[in-house]
>>> print(open('protein-v2.pdb').read())   # PDB, C-alpha atoms
ATOM      1  CA  MET A   1      15.512   5.491  -5.647
ATOM      2  CA  ALA A   2      15.487   3.094  -8.625
ATOM      3  CA  GLY A   3      15.644   0.023  -6.393
ATOM      4  CA  GLU A   4      12.779   1.227  -4.234
ATOM      5  CA  VAL A   5      10.648   2.065  -7.291
ATOM      6  CA  GLU A   6      11.149  -1.424  -8.738
ATOM      7  CA  LEU A   7      10.257  -2.965  -5.375
ATOM      8  CA  LEU A   8       7.116  -0.834  -5.126
ATOM      9  CA  LYS A   9       6.032  -1.746  -8.662
ATOM     10  CA  ARG A  10       6.192  -5.412  -7.621
ATOM     11  CA  VAL A  11       4.371  -4.626  -4.360
ATOM     12  CA  TYR A  12       1.477  -2.959  -6.224
ATOM     13  CA  ASP A  13       1.330  -5.802  -8.747
ATOM     14  CA  ARG A  14       1.274  -8.466  -6.037
ATOM     15  CA  PHE A  15      -1.270  -6.502  -3.948
ATOM     16  CA  ASN A  16      -3.622  -6.346  -6.932
ATOM     17  CA  ALA A  17      -3.136 -10.112  -7.415
ATOM     18  CA  ARG A  18      -3.953 -10.633  -3.696
ATOM     19  CA  ASP A  19      -0.568 -12.298  -3.179
ATOM     20  CA  MET A  20      -0.362 -11.161   0.435
ATOM     21  CA  GLU A  21       2.750 -13.132   1.373
ATOM     22  CA  ALA A  22       4.777 -11.686  -1.525
ATOM     23  CA  VAL A  23       3.822  -8.160  -0.464
ATOM     24  CA  LEU A  24       4.570  -8.848   3.192
ATOM     25  CA  ALA A  25       8.019 -10.140   2.190
ATOM     26  CA  ALA A  26       8.839  -6.595   1.008
ATOM     27  CA  MET A  27       8.140  -5.184   4.497
ATOM     28  CA  HIS A  28      10.009  -5.033   7.768
ATOM     29  CA  ASN A  29       8.483  -7.324  10.379
ATOM     30  CA  ASP A  30       7.796  -4.212  12.470
ATOM     31  CA  VAL A  31       6.333  -2.151   9.608
ATOM     32  CA  ILE A  32       3.959   0.716  10.364
ATOM     33  CA  TRP A  33       1.141   0.662   7.791
ATOM     34  CA  ALA A  34      -1.642   3.203   7.257
ATOM     35  CA  ASN A  35      -5.111   1.751   7.732
ATOM     36  CA  GLY A  36      -6.993   3.583   4.986
ATOM     37  CA  MET A  37     -10.268   1.833   5.761
ATOM     38  CA  GLU A  38     -10.573   2.205   9.541
ATOM     39  CA  GLY A  39      -8.095   4.995  10.264
ATOM     40  CA  GLY A  40      -4.821   5.041  12.143
ATOM     41  CA  HIS A  41      -2.059   2.537  11.518
ATOM     42  CA  VAL A  42      -1.543  -1.183  11.932
ATOM     43  CA  HIS A  43       1.769  -2.521  13.173
ATOM     44  CA  GLY A  44       3.878  -5.438  12.064
ATOM     45  CA  SER A  45       3.343  -8.083   9.436
ATOM     46  CA  ASP A  46       0.538  -9.679  11.434
ATOM     47  CA  GLY A  47      -1.230  -6.321  11.732
ATOM     48  CA  VAL A  48      -1.042  -5.772   7.962
ATOM     49  CA  ARG A  49      -2.181  -9.347   7.287
ATOM     50  CA  GLY A  50      -5.215  -8.894   9.547
ATOM     51  CA  TYR A  51      -6.065  -5.514   8.043
ATOM     52  CA  TRP A  52      -5.966  -6.793   4.472
ATOM     53  CA  THR A  53      -7.956  -9.899   5.413
ATOM     54  CA  ARG A  54     -10.713  -7.657   6.805
ATOM     55  CA  GLN A  55     -10.482  -5.245   3.868
ATOM     56  CA  TRP A  56     -10.621  -7.878   1.130
ATOM     57  CA  ALA A  57     -13.625  -9.531   2.807
ATOM     58  CA  ILE A  58     -15.738  -6.407   2.159
ATOM     59  CA  VAL A  59     -14.187  -4.462  -0.755
ATOM     60  CA  ASP A  60     -12.142  -5.115  -3.880
ATOM     61  CA  PRO A  61      -9.464  -2.406  -4.172
ATOM     62  CA  HIS A  62      -7.185  -1.984  -7.176
ATOM     63  CA  VAL A  63      -4.256   0.439  -6.988
ATOM     64  CA  GLU A  64      -2.213   1.403 -10.032
ATOM     65  CA  PRO A  65       0.917   3.544  -9.569
ATOM     66  CA  VAL A  66       1.164   6.310 -12.154
ATOM     67  CA  GLY A  67       4.135   8.325 -10.859
ATOM     68  CA  PHE A  68       7.040   8.094  -8.423
ATOM     69  CA  SER A  69       9.029  10.918  -6.840
ATOM     70  CA  MET A  70      11.446  11.447  -3.978
ATOM     71  CA  GLY A  71      10.185  13.358  -0.959
ATOM     72  CA  PRO A  72      12.252  15.904   0.992
ATOM     73  CA  ASP A  73      13.303  13.375   3.655
ATOM     74  CA  GLY A  74      14.161  10.524   1.285
ATOM     75  CA  GLU A  75      10.720   8.949   1.273
ATOM     76  CA  VAL A  76       9.235   7.670  -1.996
ATOM     77  CA  VAL A  77       5.957   9.334  -2.948
ATOM     78  CA  VAL A  78       3.701   7.405  -5.306
ATOM     79  CA  GLU A  79       0.751   8.901  -7.157
ATOM     80  CA  VAL A  80      -1.794   6.113  -7.380
ATOM     81  CA  HIS A  81      -5.026   5.607  -9.310
ATOM     82  CA  GLN A  82      -7.257   3.838  -6.804
ATOM     83  CA  VAL A  83     -10.461   2.054  -7.799
ATOM     84  CA  VAL A  84     -12.520   0.429  -5.054
ATOM     85  CA  ARG A  85     -15.483  -1.810  -5.750
ATOM     86  CA  ASP A  86     -17.772  -3.731  -3.468
ATOM     87  CA  LEU A  87     -17.755  -7.519  -3.781
ATOM     88  CA  MET A  88     -20.624  -7.353  -6.278
ATOM     89  CA  GLY A  89     -18.490  -5.160  -8.578
ATOM     90  CA  ASN A  90     -20.248  -1.867  -7.867
ATOM     91  CA  LEU A  91     -17.954   1.164  -7.980
ATOM     92  CA  LEU A  92     -17.391   2.775  -4.569
ATOM     93  CA  ALA A  93     -14.438   5.053  -5.326
ATOM     94  CA  ASP A  94     -12.318   6.092  -8.304
ATOM     95  CA  ARG A  95      -9.698   8.676  -7.398
ATOM     96  CA  MET A  96      -6.062   9.638  -7.297
ATOM     97  CA  VAL A  97      -4.296   9.258  -3.958
ATOM     98  CA  GLY A  98      -0.760   9.779  -2.691
ATOM     99  CA  HIS A  99       1.123   6.970  -0.984
ATOM    100  CA  ILE A 100       4.282   7.666   0.994
ATOM    101  CA  PHE A 101       6.841   4.940   1.661
ATOM    102  CA  ARG A 102       9.850   5.004   3.946
ATOM    103  CA  PHE A 103      12.490   2.275   3.682
ATOM    104  CA  ASP A 104      15.062   0.681   5.938
ATOM    105  CA  ASP A 105      17.553  -1.914   4.671
ATOM    106  CA  GLY A 106      15.707  -2.152   1.360
ATOM    107  CA  LEU A 107      12.358  -3.011   2.957
ATOM    108  CA  VAL A 108       9.232  -0.921   3.530
ATOM    109  CA  LYS A 109       9.417   0.415   7.080
ATOM    110  CA  ARG A 110       6.438   2.800   6.989
ATOM    111  CA  PHE A 111       3.492   3.486   4.684
ATOM    112  CA  ASP A 112       1.273   6.556   4.912
ATOM    113  CA  ILE A 113      -1.557   7.940   2.811
ATOM    114  CA  ARG A 114      -1.161  11.621   2.011
ATOM    115  CA  GLY A 115      -3.770  13.718   3.766
ATOM    116  CA  SER A 116      -4.945  11.046   6.183
TER     117      SER A 116
END
>>> encode(input="protein-v2.pdb", output="C-alpha cells")
Amino acid sequence: MAGEVELLKRVYDRFNARDMEAVLAAMHNDVIWANGMEGGHVHGSDGVRGYWTRQWAIVDPHVEPVGFSMGPDGEVVVEVHQVVRDLMGNLLADRMVGHIFRFDDGLVKRFDIRGS
C-alpha cells in the first residue's frame, strides 16, 4: 500500500495546484471517476478532464488527505478534509469525506466517494 499512498499524496497535491495533466498521468486512460458535483461517474481521461474543467469554472475545491487505510478488497480508503469555496472565496462546504481508490498496474483505475 505504501506505493499507492505516495502516489495519492502527489495526486492530492497536484489537484490542489490545479496541475490537471500531472493528476491525469496517475490514472488509467479508461479510469472510472466519481462525479461529486453532478452525480454518477465520468469515464476516461477526457471525461475527468472535462469534469474538472466544469468544476473549476464554478467552485474552488481544496482536498487534504488526513488518513489512509486499506479496504477489505485491496482498495485504498482516504479520509479527506474537503473545503469548497465559490470563485469569490465564500465558503460553501467544509467537511470530512471518504475517497476510495482502486488501482491496476500502479495507476488509479477507479475513484469513488463513500456514501455517494
>>> closest_residue(input="protein-v2.pdb", among="A:Pro72, A:Arg114, A:Lys109, A:Ile100", to="Ala25 in chain A", atoms="only C-alpha atoms")
A:Lys109
>>> atom_distance(input="protein-v2.pdb", atom1="CA of Ala26 in chain A", atom2="CA of Gly89 in chain A")
29.0 Å
>>> resolve_selection(input="protein-v2.pdb", expression="the PyMOL selection byres ((chain A and resi 83) around 6)", output="VMD selection string")
chain A and resid 61 to 62 82 84 93 to 94
>>> closest_residue(input="protein-v2.pdb", among="A:Val66, A:Met20, A:Val80, A:Gly98", to="Tyr51 in chain A", atoms="all atoms listed in the file")
A:Met20
>>> residues_around(input="protein-v2.pdb", residues="Asn29 in chain A", least_positions_apart="2", cutoff="7 Å", atoms="all atoms listed in the file", output="list in words")
Met27, Val31, Gly44 and Ser45 of chain A
>>> atom_distance(input="protein-v2.pdb", atom1="CA of Phe68 in chain A", atom2="CA of Met96 in chain A")
13.2 Å
>>> resolve_selection(input="protein-v2.pdb", expression="the PyMOL selection byres ((chain A and resi 32) around 12)", output="ChimeraX atom specification")
/A:24,27-31,33-35,40-48,100-104,107-113
